[in-house]
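Here's the structure we're looking at; comments come further down.
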Number of protein chains: 2
Amino acid sequence: MSEIGFIGVGIMGMPMARHLVAAGHRVHVWSRSKPAEALSAAGFEPCVSARAVAERAEVIITMVSDTPDVAQVLFGPGGVAEGLRPGSLVIDMSSISPVATREFAARIEALGCDYLDAPVSGGDVGARAATLTIMVGGRQTAFERARPLFEKLGRSITLIGDAGAGQTAKVANQIIVALNVAAVSEALVFAAKAGVDPARVRQALLGGFAASRVLELHGEKMLTRSFDPGFRIELHLKDLGVALDSARALQMPLPHTAVVAQLMNAAQAQGLGSQDNSALVQLIEQLANQTLRAS
Amino acid sequence: MSEIGFIGVGIMGMPMARHLVAAGHRVHVWSRSKPAEALSAAGFEPCVSARAVAERAEVIITMVSDTPDVAQVLFGPGGVAEGLRPGSLVIDMSSISPVATREFAARIEALGCDYLDAPVSGGDVGARAATLTIMVGGRQTAFERARPLFEKLGRSITLIGDAGAGQTAKVANQIIVALNVAAVSEALVFAAKAGVDPARVRQALLGGFAASRVLELHGEKMLTRSFDPGFRIELHLKDLGVALDSARALQMPLPHTAVVAQLMNAAQAQGLGSQDNSALVQLIEQLANQTLRAS
């Protein structure tokens, strides 16, 4: 049993932290929004601040929304950095900027601690089922120390490289998924607009070079109009923002990613932000004045 | 044994026509460029015109480059239409406009004949190995008549819908493949630019929602710098032109496809036209001033 800190018990973090409790760890939690009684009832040790979490735990996991949230929780007033003891390990499992992550890692390591970035894919379903894919950046020794915890949370666990490499892999993942969704959306709506049954087109294409998990899963959702998330457009849009901001900082253009980000932005403007990312097809349908029901 | 006509014995058409000879058919061929002796040596019956092919054969297959080539071969002076007998079947296996295809089908059917559009994917490797994917549009009865021939040429053979549906499916296929190549290019170059090994990123992503045949096959080609075609950028660019022209005729915007077409256009301007479509990554590398070799 170890003393674990967990900050960010939201839709993803709550089931993850509970898996750690179930594995026999004492889990110290600070929450901006949830009252201490609710945290106790969930099996956690409530703390008054992120600093208090860091004072009590050897390993501190953060699972929050965006880059500024991680900065605030780690380095803001009453934050983790104020309470860290040398030798502690900070693991950020949020999906945030790889560029900022390197700076965070350097600042935590300067305090005599270890830092891993370990964003996940698999969504809240994967968090509840402990089947997340975990992409890790940082030192091998820190990775080995964290591995038993990761194994309680996910199934495919890979050390990609140094600090920031986990976040970089997550960005790459989100770029590919977004563009594959865009590709399937344009292809199927084109078929429908041409008067051809998009379901038969999808079926024929699944056997060839166009085959993908997205054609399989998201394509099916588009055809059956099953747009409950899954992974919400507003979150994918946030991740594409991370991609474009990071790429700009690295001096790299991402022309296709920029287009899909703009169209997801438009989808959000149409009120589709809380729907599954496969609902991007509805924006392409609007542009074409054509739904996927073949004429 | 049937009397088959074949027009367009190029890189794709030559091995396809020879499979039909090997299956015991008499194959009548007209070629703009190949001398009669060469055609005889290959086992074909040489003809002096497309019209002569149509006069001798019950089934006439065309496998040429682009929409205007099909129009010329079918309806130009000395073309197929002049020689067709009622009851003959015309099968266009070229990859051309689905919109123009509907007009061609109507004109052939007005002559008392059948028409199928049956574009393929699988490239010259698939043509030689008789493992093509064949996407067919037209009447069920014509499809049943052609099926024994298709089975000598390919493996996955699907009647997608009415006239033009095969070409529509092919367009959908080319849209998805192009955008999946673009997605993998941006994602892997981003990783390299961030100092992360793109091979490890690809490996980690193959297990999740980003998985695709393109990430598997084209991603591997990008990493090993194996840009021999395969399927050439200049041909993919031609197909994206068909996609964009058809979409315009149908009044449908294809914003992502338009971007990848422009970048393939730029790749061609850089002298990459005769390389495999996975060489699109070299254009993204140029834009980023970063090769896939991780720093």
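Each chain in the structure tokens gets a letter, A, B and so on, in the order shown; residues start at 1 in every chain, and ligands are counted from 1 in the order they appear.
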
>> For a quick test of understanding: name the residues of chain B lying within 8 Å of chain A when counting only C-alpha atoms, and present them as a PyMOL selection string.
In response: chain B and resi 121-122+133+135+156+158+160-162+165+168-169+171-177+179-180+182-184+186-188+190-191+193-194+196-197+200-201+204-205+207-214+247+250-257+259-260+287-289

Take chain B, superimpose it onto chain A by least squares using every C-alpha atom paired in sequence order, and output the result as a compact mmCIF listing (two decimals) with C-alpha atoms, in the first residue's frame.
# COMPACT_ATOMS: atom_id res chain seq x y z
CA MET B 1 -0.01 0.00 0.02
CA SER B 2 1.19 3.46 -0.86
CA GLU B 3 -0.03 6.92 -0.07
CA ILE B 4 -1.39 8.26 -3.36
CA GLY B 5 -2.58 11.78 -4.08
CA PHE B 6 -5.23 12.42 -6.71
CA ILE B 7 -6.31 15.83 -7.94
CA GLY B 8 -9.14 16.06 -10.45
CA VAL B 9 -11.87 13.55 -9.62
CA GLY B 10 -14.12 14.36 -12.57
CA ILE B 11 -15.69 12.04 -15.15
CA MET B 12 -12.30 10.47 -15.90
CA GLY B 13 -10.51 10.95 -12.59
CA MET B 14 -13.23 9.63 -10.26
CA PRO B 15 -13.30 6.05 -11.56
CA MET B 16 -9.48 6.06 -11.92
CA ALA B 17 -8.99 7.14 -8.28
CA ARG B 18 -11.50 4.55 -7.12
CA HIS B 19 -9.58 1.79 -8.91
CA LEU B 20 -6.57 2.82 -6.80
CA VAL B 21 -8.65 2.66 -3.61
CA ALA B 22 -9.91 -0.77 -4.67
CA ALA B 23 -6.29 -1.86 -5.12
CA GLY B 24 -5.66 -1.10 -1.44
CA HIS B 25 -4.01 2.33 -1.66
CA ARG B 26 -4.82 5.26 0.61
CA VAL B 27 -5.89 7.99 -1.83
CA HIS B 28 -5.66 11.64 -0.69
CA VAL B 29 -7.92 13.91 -2.71
CA TRP B 30 -8.42 17.63 -2.99
CA SER B 31 -11.39 18.80 -5.00
CA ARG B 32 -12.40 22.33 -5.93
CA SER B 33 -16.06 21.40 -6.16
CA LYS B 34 -16.82 18.21 -4.24
CA PRO B 35 -17.43 18.47 -0.46
CA ALA B 36 -15.25 16.50 1.97
CA GLU B 37 -18.16 14.24 2.96
CA ALA B 38 -18.65 13.17 -0.64
CA LEU B 39 -14.94 12.40 -0.96
CA SER B 40 -14.97 10.37 2.27
CA ALA B 41 -18.04 8.50 1.13
CA ALA B 42 -16.18 7.56 -2.06
CA GLY B 43 -13.37 6.04 0.03
CA PHE B 44 -10.88 8.92 -0.29
CA GLU B 45 -8.97 10.94 2.36
CA PRO B 46 -10.19 14.55 1.85
CA CYS B 47 -7.54 17.30 1.86
CA VAL B 48 -7.94 21.08 2.17
CA SER B 49 -5.57 21.94 -0.70
CA ALA B 50 -3.37 20.51 -3.44
CA ARG B 51 -0.47 21.38 -1.16
CA ALA B 52 -1.95 19.19 1.58
CA VAL B 53 -2.28 16.31 -0.89
CA ALA B 54 1.43 16.63 -1.77
CA GLU B 55 2.40 16.72 1.91
CA ARG B 56 0.67 13.38 2.56
CA ALA B 57 1.39 11.36 -0.62
CA GLU B 58 4.46 9.82 -2.27
CA VAL B 59 2.83 9.75 -5.70
CA ILE B 60 0.58 12.61 -6.80
CA ILE B 61 -1.63 12.15 -9.86
CA THR B 62 -3.30 15.10 -11.61
CA MET B 63 -6.24 14.60 -14.00
CA VAL B 64 -7.61 18.03 -14.87
CA SER B 65 -8.91 19.78 -17.97
CA ASP B 66 -6.24 21.85 -19.66
CA THR B 67 -2.72 23.26 -19.51
CA PRO B 68 -3.56 26.28 -17.28
CA ASP B 69 -5.35 23.97 -14.82
CA VAL B 70 -2.25 21.82 -14.44
CA ALA B 71 -0.08 24.94 -14.00
CA GLN B 72 -2.44 26.23 -11.31
CA VAL B 73 -2.70 22.93 -9.41
CA LEU B 74 1.04 22.33 -9.48
CA PHE B 75 2.50 25.82 -9.12
CA GLY B 76 -0.33 28.13 -7.98
CA PRO B 77 -0.79 29.30 -4.37
CA GLY B 78 -1.50 26.30 -2.16
CA GLY B 79 -0.40 24.07 -5.01
CA VAL B 80 1.41 20.74 -5.18
CA ALA B 81 4.90 22.28 -5.46
CA GLU B 82 4.54 23.91 -2.04
CA GLY B 83 3.90 20.56 -0.36
CA LEU B 84 6.19 18.19 -2.28
CA ARG B 85 8.83 16.21 -0.39
CA PRO B 86 12.04 15.24 -2.23
CA GLY B 87 11.68 11.83 -3.85
CA SER B 88 7.97 12.19 -4.56
CA LEU B 89 6.60 11.40 -8.00
CA VAL B 90 4.17 13.68 -9.86
CA ILE B 91 2.16 12.07 -12.67
CA ASP B 92 0.07 14.31 -14.88
CA MET B 93 -2.54 12.22 -16.69
CA SER B 94 -4.39 15.23 -18.16
CA SER B 95 -4.14 15.87 -21.91
CA ILE B 96 -2.21 19.13 -22.20
CA SER B 97 0.54 20.90 -24.12
CA PRO B 98 3.73 18.83 -24.62
CA VAL B 99 5.71 22.08 -24.74
CA ALA B 100 4.41 23.30 -21.36
CA THR B 101 4.82 19.76 -20.01
CA ARG B 102 8.59 19.92 -20.48
CA GLU B 103 8.72 23.09 -18.42
CA PHE B 104 6.53 21.56 -15.69
CA ALA B 105 8.75 18.46 -15.58
CA ALA B 106 11.91 20.56 -15.25
CA ARG B 107 10.40 22.60 -12.41
CA ILE B 108 9.26 19.50 -10.50
CA GLU B 109 12.62 17.77 -11.03
CA ALA B 110 14.40 20.88 -9.70
CA LEU B 111 12.58 20.18 -6.41
CA GLY B 112 14.23 16.74 -6.22
CA CYS B 113 11.15 14.91 -7.45
CA ASP B 114 10.22 12.83 -10.50
CA TYR B 115 7.66 13.80 -13.15
CA LEU B 116 5.80 11.72 -15.70
CA ASP B 117 3.32 12.87 -18.31
CA ALA B 118 0.87 10.04 -18.87
CA PRO B 119 -2.18 11.11 -20.87
CA VAL B 120 -4.71 8.44 -21.74
CA SER B 121 -7.09 7.51 -24.49
CA GLY B 122 -10.20 5.39 -24.15
CA GLY B 123 -12.58 7.93 -22.60
CA ASP B 124 -14.76 7.53 -19.53
CA VAL B 125 -15.72 4.03 -20.67
CA GLY B 126 -12.06 3.05 -20.58
CA ALA B 127 -11.59 4.81 -17.23
CA ARG B 128 -14.45 2.86 -15.65
CA ALA B 129 -13.35 -0.45 -17.18
CA ALA B 130 -9.64 0.18 -16.40
CA THR B 131 -8.82 -0.40 -20.06
CA LEU B 132 -7.20 2.95 -20.84
CA THR B 133 -4.31 3.33 -23.25
CA ILE B 134 -1.60 5.21 -21.34
CA MET B 135 1.15 7.07 -23.24
CA VAL B 136 4.03 8.00 -20.97
CA GLY B 137 6.90 10.48 -21.14
CA GLY B 138 9.71 10.70 -18.56
CA ARG B 139 12.56 8.73 -17.02
CA GLN B 140 12.62 4.93 -17.17
CA THR B 141 13.07 4.65 -13.37
CA ALA B 142 10.02 6.84 -12.73
CA PHE B 143 8.06 4.80 -15.27
CA GLU B 144 8.95 1.54 -13.49
CA ARG B 145 7.87 3.08 -10.20
CA ALA B 146 4.52 4.13 -11.66
CA ARG B 147 3.84 0.99 -13.68
CA PRO B 148 1.99 -0.93 -10.91
CA LEU B 149 -0.41 2.02 -10.59
CA PHE B 150 -0.86 2.33 -14.37
CA GLU B 151 -1.70 -1.37 -14.50
CA LYS B 152 -4.69 -0.71 -12.24
CA LEU B 153 -5.95 1.91 -14.69
CA GLY B 154 -5.22 0.69 -18.18
CA ARG B 155 -4.20 -2.07 -20.50
CA SER B 156 -1.80 -0.71 -23.12
CA ILE B 157 0.95 1.15 -21.27
CA THR B 158 3.91 2.51 -23.26
CA LEU B 159 6.93 4.61 -22.31
CA ILE B 160 7.24 6.70 -25.48
CA GLY B 161 10.27 8.80 -24.57
CA ASP B 162 11.49 11.66 -22.39
CA ALA B 163 9.39 14.33 -20.66
CA GLY B 164 6.57 15.49 -22.93
CA ALA B 165 6.67 12.38 -25.13
CA GLY B 166 3.42 11.05 -23.71
CA GLN B 167 1.63 14.32 -24.46
CA THR B 168 3.22 14.37 -27.92
CA ALA B 169 1.87 10.90 -28.66
CA LYS B 170 -1.56 11.97 -27.41
CA VAL B 171 -1.51 14.99 -29.73
CA ALA B 172 -0.54 12.70 -32.63
CA ASN B 173 -3.42 10.41 -31.70
CA GLN B 174 -5.94 13.26 -31.63
CA ILE B 175 -4.73 14.62 -34.98
CA ILE B 176 -5.18 11.24 -36.64
CA VAL B 177 -8.57 10.49 -35.09
CA ALA B 178 -9.95 13.95 -35.98
CA LEU B 179 -8.78 13.71 -39.59
CA ASN B 180 -10.00 10.14 -39.97
CA VAL B 181 -13.43 11.27 -38.72
CA ALA B 182 -13.32 14.15 -41.24
CA ALA B 183 -12.33 11.74 -44.01
CA VAL B 184 -15.16 9.31 -43.31
CA SER B 185 -17.62 12.23 -43.00
CA GLU B 186 -16.72 13.69 -46.38
CA ALA B 187 -16.63 10.29 -48.08
CA LEU B 188 -19.98 9.02 -46.78
CA VAL B 189 -21.83 12.30 -47.31
CA PHE B 190 -20.38 12.46 -50.82
CA ALA B 191 -21.78 8.99 -51.51
CA ALA B 192 -25.22 9.95 -50.16
CA LYS B 193 -25.18 13.18 -52.17
CA ALA B 194 -24.44 11.12 -55.28
CA GLY B 195 -27.50 9.00 -54.51
CA VAL B 196 -25.53 5.96 -53.37
CA ASP B 197 -26.19 4.06 -50.13
CA PRO B 198 -23.38 5.14 -47.76
CA ALA B 199 -23.74 1.93 -45.72
CA ARG B 200 -22.84 -0.17 -48.77
CA VAL B 201 -19.92 2.11 -49.58
CA ARG B 202 -18.62 1.80 -46.00
CA GLN B 203 -18.97 -1.97 -46.16
CA ALA B 204 -17.07 -2.22 -49.45
CA LEU B 205 -14.30 0.10 -48.22
CA LEU B 206 -13.70 -1.74 -44.94
CA GLY B 207 -11.86 -4.44 -46.89
CA GLY B 208 -9.27 -2.15 -48.48
CA PHE B 209 -6.73 0.61 -47.89
CA ALA B 210 -9.43 2.92 -46.50
CA ALA B 211 -10.01 0.61 -43.53
CA SER B 212 -9.65 2.16 -40.09
CA ARG B 213 -11.05 1.90 -36.59
CA VAL B 214 -12.79 5.21 -37.32
CA LEU B 215 -14.46 3.90 -40.51
CA GLU B 216 -15.57 0.90 -38.48
CA LEU B 217 -16.75 2.58 -35.24
CA HIS B 218 -17.44 6.22 -36.04
CA GLY B 219 -18.75 5.31 -39.50
CA GLU B 220 -21.26 3.00 -37.83
CA LYS B 221 -22.30 5.76 -35.40
CA MET B 222 -22.83 8.19 -38.29
CA LEU B 223 -25.04 5.73 -40.15
CA THR B 224 -27.09 4.75 -37.09
CA ARG B 225 -27.23 8.36 -35.83
CA SER B 226 -25.77 7.36 -32.44
CA PHE B 227 -24.10 10.59 -31.35
CA ASP B 228 -24.09 10.09 -27.57
CA PRO B 229 -20.50 10.46 -26.39
CA GLY B 230 -18.06 8.65 -26.47
CA PHE B 231 -15.63 11.47 -26.84
CA ARG B 232 -17.19 14.91 -27.05
CA ILE B 233 -16.51 17.40 -29.84
CA GLU B 234 -15.75 20.15 -27.28
CA LEU B 235 -12.98 18.01 -25.76
CA HIS B 236 -11.59 17.03 -29.15
CA LEU B 237 -11.58 20.72 -30.06
CA LYS B 238 -9.61 21.46 -26.88
CA ASP B 239 -7.06 18.80 -27.87
CA LEU B 240 -6.78 20.19 -31.41
CA GLY B 241 -6.10 23.58 -29.79
CA VAL B 242 -3.23 21.94 -27.90
CA ALA B 243 -2.01 20.46 -31.21
CA LEU B 244 -2.09 23.78 -33.06
CA ASP B 245 -0.59 25.82 -30.18
CA SER B 246 2.20 23.28 -29.72
CA ALA B 247 2.86 23.11 -33.44
CA ARG B 248 3.10 26.88 -33.59
CA ALA B 249 5.54 26.90 -30.69
CA LEU B 250 7.58 24.24 -32.51
CA GLN B 251 7.36 26.18 -35.80
CA MET B 252 5.44 23.54 -37.67
CA PRO B 253 2.33 24.08 -39.80
CA LEU B 254 -0.50 21.51 -39.56
CA PRO B 255 -2.67 22.44 -42.56
CA HIS B 256 -5.17 19.56 -42.40
CA THR B 257 -5.46 19.69 -38.62
CA ALA B 258 -6.18 23.41 -38.84
CA VAL B 259 -9.12 22.77 -41.17
CA VAL B 260 -10.69 20.05 -39.03
CA ALA B 261 -10.27 22.26 -35.95
CA GLN B 262 -12.17 25.05 -37.71
CA LEU B 263 -14.97 22.67 -38.68
CA MET B 264 -15.19 21.25 -35.16
CA ASN B 265 -15.37 24.86 -34.02
CA ALA B 266 -18.29 25.35 -36.41
CA ALA B 267 -19.90 22.13 -35.15
CA GLN B 268 -19.67 23.49 -31.61
CA ALA B 269 -21.26 26.74 -32.79
CA GLN B 270 -24.13 24.62 -34.14
CA GLY B 271 -24.71 23.21 -30.66
CA LEU B 272 -22.98 19.89 -31.32
CA GLY B 273 -20.20 20.39 -28.74
CA SER B 274 -21.53 17.88 -26.24
CA GLN B 275 -22.10 15.19 -28.87
CA ASP B 276 -19.65 12.49 -29.90
CA ASN B 277 -16.89 13.56 -32.29
CA SER B 278 -18.55 11.40 -34.97
CA ALA B 279 -21.24 14.15 -35.02
CA LEU B 280 -18.78 16.16 -37.14
CA VAL B 281 -20.60 14.43 -39.99
CA GLN B 282 -23.63 16.61 -39.19
CA LEU B 283 -21.63 19.70 -40.06
CA ILE B 284 -20.53 18.17 -43.37
CA GLU B 285 -24.18 17.23 -43.96
CA GLN B 286 -25.21 20.85 -43.35
CA LEU B 287 -22.58 22.12 -45.79
CA ALA B 288 -23.82 19.65 -48.40
CA ASN B 289 -27.52 20.02 -47.56
CA GLN B 290 -27.63 16.21 -47.55
CA THR B 291 -28.06 13.71 -44.75
CA LEU B 292 -26.59 10.22 -44.81
CA ARG B 293 -29.95 8.75 -45.65
CA ALA B 294 -29.42 7.93 -49.31
CA SER B 295 -31.87 9.48 -51.74

>> Just list as an NGL selection string whatever in segment 37-129 of chain B DSSP marks as helix (DSSP H, G or I).
In response: :B and (37-41 or 50-56 or 67-75 or 80-83 or 98-109 or 123-129)
